[in-house]
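Dropping run12.txt in here (compact mmCIF, C-alpha atoms):
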```txt
# COMPACT_ATOMS: atom_id res chain seq x y z
CA MET A 1 -20.18 -26.80 8.55
CA ALA A 2 -17.92 -28.46 5.96
CA MET A 3 -16.07 -25.15 5.72
CA ALA A 4 -15.50 -25.04 9.46
CA GLN A 5 -14.12 -28.59 9.42
CA ALA A 6 -11.87 -28.22 6.36
CA LEU A 7 -10.43 -24.74 7.05
CA PRO A 8 -11.23 -23.87 10.68
CA GLU A 9 -8.83 -20.89 10.68
CA VAL A 10 -10.65 -19.32 7.74
CA TYR A 11 -14.07 -20.03 9.23
CA GLU A 12 -13.09 -18.38 12.52
CA LEU A 13 -11.69 -15.38 10.62
CA ALA A 14 -14.91 -15.06 8.60
CA GLN A 15 -17.04 -15.16 11.76
CA ALA A 16 -14.87 -12.47 13.38
CA LEU A 17 -15.28 -10.24 10.31
CA GLU A 18 -19.03 -10.90 10.12
CA ARG A 19 -19.39 -9.67 13.72
CA LEU A 20 -17.75 -6.30 13.05
CA PRO A 21 -19.94 -3.17 13.29
CA GLY A 22 -21.14 -1.43 10.16
CA PRO A 23 -22.77 -2.82 7.00
CA ARG A 24 -21.61 -6.43 6.53
CA GLY A 25 -18.39 -5.81 8.47
CA ALA A 26 -17.33 -3.94 5.36
CA SER A 27 -13.83 -2.68 4.65
CA ALA A 28 -15.25 0.67 3.54
CA SER A 29 -17.34 1.25 6.66
CA ASP A 30 -17.18 4.41 8.75
CA ASP A 31 -13.89 3.42 10.40
CA GLY A 32 -12.12 3.41 7.02
CA GLY A 33 -11.34 -0.29 7.34
CA GLU A 34 -9.43 0.01 10.63
CA HIS A 35 -11.37 -2.79 12.35
CA VAL A 36 -11.04 -5.11 9.35
CA ARG A 37 -7.29 -4.47 9.12
CA ALA A 38 -6.89 -5.23 12.84
CA VAL A 39 -8.68 -8.58 12.45
CA LEU A 40 -6.65 -9.52 9.35
CA ALA A 41 -3.35 -8.47 10.96
CA GLY A 42 -4.11 -10.82 13.84
CA PHE A 43 -4.63 -13.66 11.37
CA HIS A 44 -1.05 -13.46 10.09
CA CYS A 45 0.20 -15.44 13.10
CA ARG A 46 -2.06 -18.34 12.00
CA LEU A 47 -0.35 -18.73 8.63
CA GLU A 48 1.32 -22.02 9.58
CA ALA A 49 -1.99 -23.44 10.79
CA LEU A 50 -3.57 -22.42 7.47
CA ARG A 51 -0.78 -24.18 5.58
CA ARG A 52 -1.45 -27.38 7.50
CA SER A 53 -5.18 -27.19 6.83
CA LEU A 54 -4.62 -26.63 3.11
CA ASN A 55 -2.19 -29.57 2.97
CA ARG A 56 -4.86 -31.95 4.27
CA LEU A 57 -7.83 -30.39 2.48
CA PRO A 58 -10.30 -33.15 1.47
CA ARG A 59 -11.00 -33.55 -2.24
CA ALA A 60 -14.66 -32.58 -1.81
CA ALA A 61 -13.68 -29.34 -0.04
CA PHE A 62 -11.11 -28.57 -2.75
CA ASP A 63 -13.70 -29.09 -5.49
CA SER A 64 -16.11 -26.78 -3.67
CA MET A 65 -13.41 -24.10 -3.37
CA LEU A 66 -12.50 -24.48 -7.05
CA VAL A 67 -16.03 -23.65 -8.26
CA ASN A 68 -15.62 -19.95 -7.45
CA SER A 69 -11.85 -19.69 -7.95
CA ARG A 70 -10.41 -18.21 -11.14
CA GLU A 71 -7.36 -16.88 -12.97
CA THR A 72 -6.68 -13.20 -13.73
CA PRO A 73 -3.84 -11.72 -15.85
CA THR A 74 -1.79 -11.08 -12.68
CA HIS A 75 -2.76 -13.72 -10.13
CA PHE A 76 -4.85 -16.75 -9.22
CA LYS A 77 -7.88 -16.08 -7.00
CA TRP A 78 -8.58 -18.97 -4.61
CA ASN A 79 -12.02 -18.65 -3.04
CA LEU A 80 -12.04 -19.52 0.68
CA TYR A 81 -15.39 -18.20 1.91
CA ARG A 82 -18.53 -16.52 0.62
CA GLY A 83 -21.03 -15.15 3.12
CA PRO A 84 -24.54 -16.29 2.17
CA ARG A 85 -26.17 -13.04 3.29
CA SER A 86 -23.44 -10.53 4.21
CA GLY A 87 -21.64 -10.35 0.86
CA LEU A 88 -18.28 -10.90 2.59
CA THR A 89 -15.90 -12.97 0.43
CA LEU A 90 -12.44 -14.21 1.43
CA TRP A 91 -9.78 -14.96 -1.18
CA LEU A 92 -6.18 -16.06 -1.38
CA HIS A 93 -4.45 -14.19 -4.21
CA GLU A 94 -1.45 -16.12 -5.53
CA TYR A 95 0.64 -13.78 -7.70
CA LYS A 96 2.15 -15.06 -10.92
CA PRO A 97 5.89 -15.00 -11.70
CA PRO A 98 6.94 -11.89 -13.68
CA ASP A 99 7.41 -13.82 -16.93
CA LEU A 100 3.70 -14.81 -16.91
CA VAL A 101 2.35 -11.30 -16.33
CA ASP A 102 1.39 -8.67 -18.91
CA ALA A 103 3.38 -5.61 -17.75
CA ALA A 104 1.04 -3.14 -19.45
CA TYR A 105 -1.96 -4.63 -17.65
CA VAL A 106 -0.19 -4.61 -14.27
CA GLU A 107 0.98 -1.00 -14.47
CA ALA A 108 -2.36 0.55 -15.47
CA PRO A 109 -3.97 2.46 -12.58
CA HIS A 110 -7.37 0.91 -11.85
CA ASN A 111 -10.17 0.68 -9.31
CA HIS A 112 -12.54 -2.14 -8.37
CA ARG A 113 -16.29 -2.76 -8.28
CA TYR A 114 -16.04 -3.39 -4.54
CA GLY A 115 -14.14 -2.31 -1.45
CA PHE A 116 -11.65 -4.71 0.13
CA THR A 117 -8.91 -5.08 2.71
CA SER A 118 -5.71 -6.99 1.94
CA LEU A 119 -3.17 -8.76 4.17
CA ILE A 120 0.24 -9.70 2.76
CA LEU A 121 0.88 -13.30 3.84
CA THR A 122 4.11 -14.09 1.97
CA GLY A 123 6.45 -12.32 -0.47
CA GLY A 124 5.51 -8.68 -0.97
CA TYR A 125 4.98 -6.10 -3.72
CA LEU A 126 5.07 -2.44 -4.61
CA HIS A 127 1.61 -1.02 -3.97
CA THR A 128 0.91 2.37 -5.53
CA ARG A 129 -2.10 4.58 -4.90
CA PHE A 130 -3.15 7.19 -7.47
CA LEU A 131 -5.31 10.27 -7.47
CA VAL A 132 -7.19 10.30 -10.76
CA ASP A 133 -9.26 13.28 -11.92
CA PRO A 134 -11.68 13.18 -14.88
CA VAL A 135 -10.94 15.63 -17.71
CA GLY A 136 -13.78 14.58 -19.99
CA GLN A 137 -16.34 11.85 -20.50
CA ASP A 138 -13.78 9.12 -21.19
CA ARG A 139 -10.52 10.84 -20.21
CA ALA A 140 -8.75 11.31 -16.89
CA ARG A 141 -5.45 12.53 -15.51
CA VAL A 142 -3.17 11.09 -12.82
CA THR A 143 -2.47 13.96 -10.40
CA ASP A 144 -0.67 12.18 -7.55
CA VAL A 145 1.32 8.97 -7.06
CA ARG A 146 2.01 7.29 -3.70
CA PRO A 147 4.16 4.12 -3.93
CA GLU A 148 4.86 1.88 -0.92
CA PHE A 149 6.52 -1.52 -0.73
CA LEU A 150 4.41 -3.89 1.38
CA ALA A 151 6.03 -6.83 3.20
CA PRO A 152 4.39 -9.80 4.97
CA GLY A 153 2.10 -8.64 7.75
CA ALA A 154 1.18 -5.34 6.06
CA THR A 155 -2.49 -4.48 5.49
CA TYR A 156 -4.36 -1.85 3.51
CA THR A 157 -7.94 -0.93 2.60
CA LEU A 158 -9.36 0.33 -0.70
CA THR A 159 -12.86 1.61 -1.45
CA PRO A 160 -14.44 1.25 -4.92
CA ASP A 161 -13.40 4.85 -5.65
CA ASP A 162 -9.70 4.33 -4.84
CA TRP A 163 -7.18 3.85 -7.67
CA HIS A 164 -4.07 1.67 -7.36
CA ASN A 165 -1.82 -0.89 -8.97
CA VAL A 166 0.41 -3.74 -7.79
CA THR A 167 3.87 -4.19 -9.35
CA ARG A 168 7.21 -5.91 -8.63
CA ALA A 169 5.60 -8.80 -6.81
CA ARG A 170 8.21 -11.06 -5.24
CA GLU A 171 8.19 -14.71 -6.21
CA GLY A 172 5.80 -16.64 -3.99
CA THR A 173 3.65 -13.65 -3.05
CA VAL A 174 0.26 -14.58 -1.55
CA THR A 175 -2.28 -12.20 -0.02
CA LEU A 176 -5.51 -12.68 1.91
CA ILE A 177 -8.40 -10.51 0.72
CA ALA A 178 -11.57 -9.61 2.63
CA GLN A 179 -13.91 -8.34 -0.09
CA GLU A 180 -17.22 -6.50 0.18
CA ARG A 181 -20.27 -6.95 -1.98
CA PRO A 182 -19.83 -5.08 -5.33
CA THR A 183 -21.40 -1.61 -5.43
CA ARG A 184 -21.39 -1.16 -9.21
CA ALA A 185 -21.38 -3.30 -12.34
CA TYR A 186 -17.89 -2.45 -13.60
CA SER A 187 -14.33 -1.51 -12.66
CA THR A 188 -12.25 1.11 -14.48
CA SER A 189 -8.65 1.30 -15.67
CA LEU A 190 -6.69 4.24 -17.08
CA SER A 191 -4.71 3.59 -20.26
CA THR A 192 -1.87 6.13 -20.52
CA SER A 193 1.22 6.76 -22.61
CA PRO A 194 4.34 5.37 -20.87
CA ASP A 195 6.47 8.27 -22.15
CA ALA A 196 5.08 11.01 -19.89
CA PRO A 197 5.89 11.23 -16.15
CA LEU A 198 3.22 9.22 -14.34
CA GLY A 199 2.06 12.13 -12.17
CA THR A 200 1.16 14.16 -15.27
CA ARG A 201 -0.23 11.46 -17.54
CA THR A 202 -3.63 11.83 -19.18
CA GLY A 203 -5.25 8.75 -20.61
CA THR A 204 -8.37 6.91 -21.72
CA LEU A 205 -10.76 5.36 -19.23
CA ARG A 206 -11.66 1.74 -19.93
CA TYR A 207 -14.59 -0.04 -18.29
CA HIS A 208 -14.42 -3.71 -17.35
CA TYR A 209 -17.50 -5.86 -16.72
CA PRO A 210 -17.46 -9.31 -15.08
CA VAL A 211 -18.85 -12.23 -17.05
CA GLU A 212 -22.11 -12.32 -15.07
CA ALA A 213 -22.87 -8.76 -16.19
CA ARG A 214 -22.78 -9.94 -19.82
CA TRP A 215 -25.55 -12.53 -19.46
CA ARG A 216 -28.14 -10.33 -21.20
CA THR A 217 -25.64 -9.53 -23.97
CA LEU A 218 -24.94 -13.22 -24.54
CA ARG A 219 -28.63 -14.01 -24.89
CA SER A 220 -29.03 -11.10 -27.29
CA VAL A 221 -26.14 -12.24 -29.49
CA LEU A 222 -27.40 -15.82 -29.61
CA GLY A 223 -30.84 -14.58 -30.60
CA ARG A 224 -29.72 -12.59 -33.64
CA PRO A 225 -30.29 -14.07 -37.10
CA HIS A 226 -26.98 -14.75 -38.82
CA GLU A 227 -26.45 -14.79 -42.55
CA ARG A 228 -24.73 -17.85 -43.91
CA LYS A 229 -22.48 -17.69 -46.91
CA SER A 230 -23.49 -20.05 -49.66
CA GLN A 231 -20.89 -22.63 -50.49
```

With the file now loaded, output its structure as structure tokens.
Amino acid sequence: MAMAQALPEVYELAQALERLPGPRGASASDDGGEHVRAVLAGFHCRLEALRRSLNRLPRAAFDSMLVNSRETPTHFKWNLYRGPRSGLTLWLHEYKPPDLVDAAYVEAPHNHRYGFTSLILTGGYLHTRFLVDPVGQDRARVTDVRPEFLAPGATYTLTPDDWHNVTRAREGTVTLIAQERPTRAYSTSLSTSPDAPLGTRTGTLRYHYPVEARWRTLRSVLGRPHERKSQ
């Protein structure tokens, strides 16, 4: 109920998404995300109301939001909602200025552990989709590139098997993300040579695990006996 009082626009959006047909109102359901995109597109007209709610957000509500928010190399992820049973999570992604972003990290084609639908609220960026085909156990090749500049109001859906990147984000770019429950333990990026044309690049697959997936590893490392050098 605190959520509904602090950010009523977000709460109403979450309830509308939770009511959608398919598993958890998911962005990768049978309709290919069409229903989710329609709901998010309708939310864009409530941007000013969201701004007002954020401006008067009580300290307790801000602290609660901050618990699950975090920084990535390209943007800040502000957690707005997490469905207790559905797995639906809503985020605001606040993109960093270009001078704070690692260009190599941004340009690498990658996928995600989960499906999601995105709405551009402010700013805009170049969104590129890639077709990536494996050519070995840890190698893959980019076979197609589809760039598109997305302005405020635009929406798109990605499944966990889709590859993309986000570049040339305008200053002040913020997006709203409706994220599904993760379907695997890791995401994947493709590290390629910048010298070859992107559509013909072959590179190394790299696997990225969230911190919660490393809990068993942490316990194992702490449990190992360590030799100490004598002084």

For this session: Fewer than 6 positions away in the same chain doesn't count, so skip those; otherwise give me all residues within 10 Å of stretch 174-177 of chain A, counting only C-alpha atoms, as a PyMOL selection string.
Result: chain A and resi 40+43-44+75-80+89-96+116-125+152-157

Since we have the selection now, will you write its residues out, keeping C-alpha atoms, as a PDB file, keeping the file's coordinate frame?
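New file again_3.pdb:
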```
ATOM      1  CA  LEU A  40      -6.650  -9.520   9.350  1.00  0.00           C
ATOM      2  CA  PHE A  43      -4.630 -13.660  11.370  1.00  0.00           C
ATOM      3  CA  HIS A  44      -1.050 -13.460  10.090  1.00  0.00           C
ATOM      4  CA  HIS A  75      -2.760 -13.720 -10.130  1.00  0.00           C
ATOM      5  CA  PHE A  76      -4.850 -16.750  -9.220  1.00  0.00           C
ATOM      6  CA  LYS A  77      -7.880 -16.080  -7.000  1.00  0.00           C
ATOM      7  CA  TRP A  78      -8.580 -18.970  -4.610  1.00  0.00           C
ATOM      8  CA  ASN A  79     -12.020 -18.650  -3.040  1.00  0.00           C
ATOM      9  CA  LEU A  80     -12.040 -19.520   0.680  1.00  0.00           C
ATOM     10  CA  THR A  89     -15.900 -12.970   0.430  1.00  0.00           C
ATOM     11  CA  LEU A  90     -12.440 -14.210   1.430  1.00  0.00           C
ATOM     12  CA  TRP A  91      -9.780 -14.960  -1.180  1.00  0.00           C
ATOM     13  CA  LEU A  92      -6.180 -16.060  -1.380  1.00  0.00           C
ATOM     14  CA  HIS A  93      -4.450 -14.190  -4.210  1.00  0.00           C
ATOM     15  CA  GLU A  94      -1.450 -16.120  -5.530  1.00  0.00           C
ATOM     16  CA  TYR A  95       0.640 -13.780  -7.700  1.00  0.00           C
ATOM     17  CA  LYS A  96       2.150 -15.060 -10.920  1.00  0.00           C
ATOM     18  CA  PHE A 116     -11.650  -4.710   0.130  1.00  0.00           C
ATOM     19  CA  THR A 117      -8.910  -5.080   2.710  1.00  0.00           C
ATOM     20  CA  SER A 118      -5.710  -6.990   1.940  1.00  0.00           C
ATOM     21  CA  LEU A 119      -3.170  -8.760   4.170  1.00  0.00           C
ATOM     22  CA  ILE A 120       0.240  -9.700   2.760  1.00  0.00           C
ATOM     23  CA  LEU A 121       0.880 -13.300   3.840  1.00  0.00           C
ATOM     24  CA  THR A 122       4.110 -14.090   1.970  1.00  0.00           C
ATOM     25  CA  GLY A 123       6.450 -12.320  -0.470  1.00  0.00           C
ATOM     26  CA  GLY A 124       5.510  -8.680  -0.970  1.00  0.00           C
ATOM     27  CA  TYR A 125       4.980  -6.100  -3.720  1.00  0.00           C
ATOM     28  CA  PRO A 152       4.390  -9.800   4.970  1.00  0.00           C
ATOM     29  CA  GLY A 153       2.100  -8.640   7.750  1.00  0.00           C
ATOM     30  CA  ALA A 154       1.180  -5.340   6.060  1.00  0.00           C
ATOM     31  CA  THR A 155      -2.490  -4.480   5.490  1.00  0.00           C
ATOM     32  CA  TYR A 156      -4.360  -1.850   3.510  1.00  0.00           C
ATOM     33  CA  THR A 157      -7.940  -0.930   2.600  1.00  0.00           C
TER      34      THR A 157
END
```

Problem set entry | Spatial neighbours of A:Gly203, max dist 9 Å, all atoms listed in the file, sep filter under 6 positions, as a list of chain:residue names | A:Asp138, A:Arg139, A:Ala140, A:Arg141, A:Val142, A:Leu190, A:Ser191, A:Thr192, A:Ser193

For this session: Find the spatial neighbours of stretch 128-136 of chain A, counting only C-alpha atoms, within a cut-off of 8 Å - ignore same-chain residues fewer than 3 positions away - and output them as an MDAnalysis selection string.
Result: chainID A and resid 109 139:148 162:166

Once you have the residues from the selection above, write them out as a short mmCIF file (atom, residue, chain, number, x, y, z; two decimals), in the coordinates of the input, restricted to C-alpha atoms.
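Saved as again_28.cif:
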```
data_model
loop_
_atom_site.label_atom_id
_atom_site.label_comp_id
_atom_site.auth_asym_id
_atom_site.auth_seq_id
_atom_site.Cartn_x
_atom_site.Cartn_y
_atom_site.Cartn_z
CA PRO A 109 -3.97 2.46 -12.58
CA ARG A 139 -10.52 10.84 -20.21
CA ALA A 140 -8.75 11.31 -16.89
CA ARG A 141 -5.45 12.53 -15.51
CA VAL A 142 -3.17 11.09 -12.82
CA THR A 143 -2.47 13.96 -10.40
CA ASP A 144 -0.67 12.18 -7.55
CA VAL A 145 1.32 8.97 -7.06
CA ARG A 146 2.01 7.29 -3.70
CA PRO A 147 4.16 4.12 -3.93
CA GLU A 148 4.86 1.88 -0.92
CA ASP A 162 -9.70 4.33 -4.84
CA TRP A 163 -7.18 3.85 -7.67
CA HIS A 164 -4.07 1.67 -7.36
CA ASN A 165 -1.82 -0.89 -8.97
CA VAL A 166 0.41 -3.74 -7.79
#
```

Exercise. Nearest to A:Glu34 among A:Arg219, A:Arg46, A:Tyr81, A:Leu20, with distances taken over all atoms listed in the file: which residue is it?
Worked result: A:Leu20

For this session: Quick one: pull the distance between atom CA of A:Pro73 and atom CA of A:Asp161, Å, one decimal.
Result: 21.7 Å

Problem set entry | Interatomic distance, atom CA of A:Tyr114 to atom CA of A:Pro160 (Å, one decimal) | 4.9 Å

For this session: Up to 8 Å from (2.9, -13.7, -9.3) in the file's coordinates: name the residues, counting all atoms listed in the file, as a PyMOL selection string.
Result: chain A and resi 74-75+94-98+100-101+169-173

For this session: Quick one: pull the distance between atom CA of A:Thr183 and atom CA of A:Pro21, Å, one decimal.
Result: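 Going from atom CA of A:Thr183 over to atom CA of A:Pro21, I get 18.8 Å.
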
Problem set entry | Residues within 9 Å of A:Leu13, only C-alpha atoms, excluding chain neighbours under 4 positions, as a list of chain:residue names | A:Pro8, A:Glu9, A:Leu17, A:Glu18, A:Val39, A:Leu40, A:Phe43

Could you dump the residues just selected with C-alpha atoms as a PDB file, in the coordinates of the input?
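This went into out.pdb:
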```pdb
ATOM      1  CA  PRO A   8     -11.230 -23.870  10.680  1.00  0.00           C
ATOM      2  CA  GLU A   9      -8.830 -20.890  10.680  1.00  0.00           C
ATOM      3  CA  LEU A  17     -15.280 -10.240  10.310  1.00  0.00           C
ATOM      4  CA  GLU A  18     -19.030 -10.900  10.120  1.00  0.00           C
ATOM      5  CA  VAL A  39      -8.680  -8.580  12.450  1.00  0.00           C
ATOM      6  CA  LEU A  40      -6.650  -9.520   9.350  1.00  0.00           C
ATOM      7  CA  PHE A  43      -4.630 -13.660  11.370  1.00  0.00           C
TER       8      PHE A  43
END
```

Problem set entry | Best match for closeness to A:Ala38 among A:Arg59, A:Ser220, A:Ala16, A:His112, counting all atoms listed in the file |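 Result for the nearest residue to A:Ala38: A:Ala16.
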
Exercise. From the set A:Gly223, A:Pro210, A:Pro182, A:Gly32, which residue has the shortest atom-to-atom contact distance to A:Leu88, counting all atoms listed in the file?
Worked result: A:Pro182

Only C-alpha atoms needed: put stretch 127-144 of chain A from the block into a file as a PDB file, in the first residue's frame.
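Listed below is the output, result-v8.pdb:
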```pdb
ATOM      1  CA  HIS A 127      19.116   0.924 -30.500  1.00  0.00           C
ATOM      2  CA  THR A 128      20.697  -1.809 -32.600  1.00  0.00           C
ATOM      3  CA  ARG A 129      19.522  -5.397 -32.905  1.00  0.00           C
ATOM      4  CA  PHE A 130      21.943  -8.132 -33.980  1.00  0.00           C
ATOM      5  CA  LEU A 131      21.638 -11.633 -35.344  1.00  0.00           C
ATOM      6  CA  VAL A 132      24.382 -13.686 -33.716  1.00  0.00           C
ATOM      7  CA  ASP A 133      25.216 -17.241 -34.814  1.00  0.00           C
ATOM      8  CA  PRO A 134      27.498 -19.600 -32.856  1.00  0.00           C
ATOM      9  CA  VAL A 135      30.584 -20.838 -34.723  1.00  0.00           C
ATOM     10  CA  GLY A 136      32.041 -22.901 -31.893  1.00  0.00           C
ATOM     11  CA  GLN A 137      31.742 -23.491 -28.171  1.00  0.00           C
ATOM     12  CA  ASP A 138      32.829 -19.979 -27.191  1.00  0.00           C
ATOM     13  CA  ARG A 139      32.777 -18.174 -30.541  1.00  0.00           C
ATOM     14  CA  ALA A 140      30.010 -16.485 -32.522  1.00  0.00           C
ATOM     15  CA  ARG A 141      29.545 -14.297 -35.575  1.00  0.00           C
ATOM     16  CA  VAL A 142      27.384 -11.216 -36.142  1.00  0.00           C
ATOM     17  CA  THR A 143      25.411 -11.902 -39.331  1.00  0.00           C
ATOM     18  CA  ASP A 144      22.951  -8.991 -39.399  1.00  0.00           C
TER      19      ASP A 144
END
```
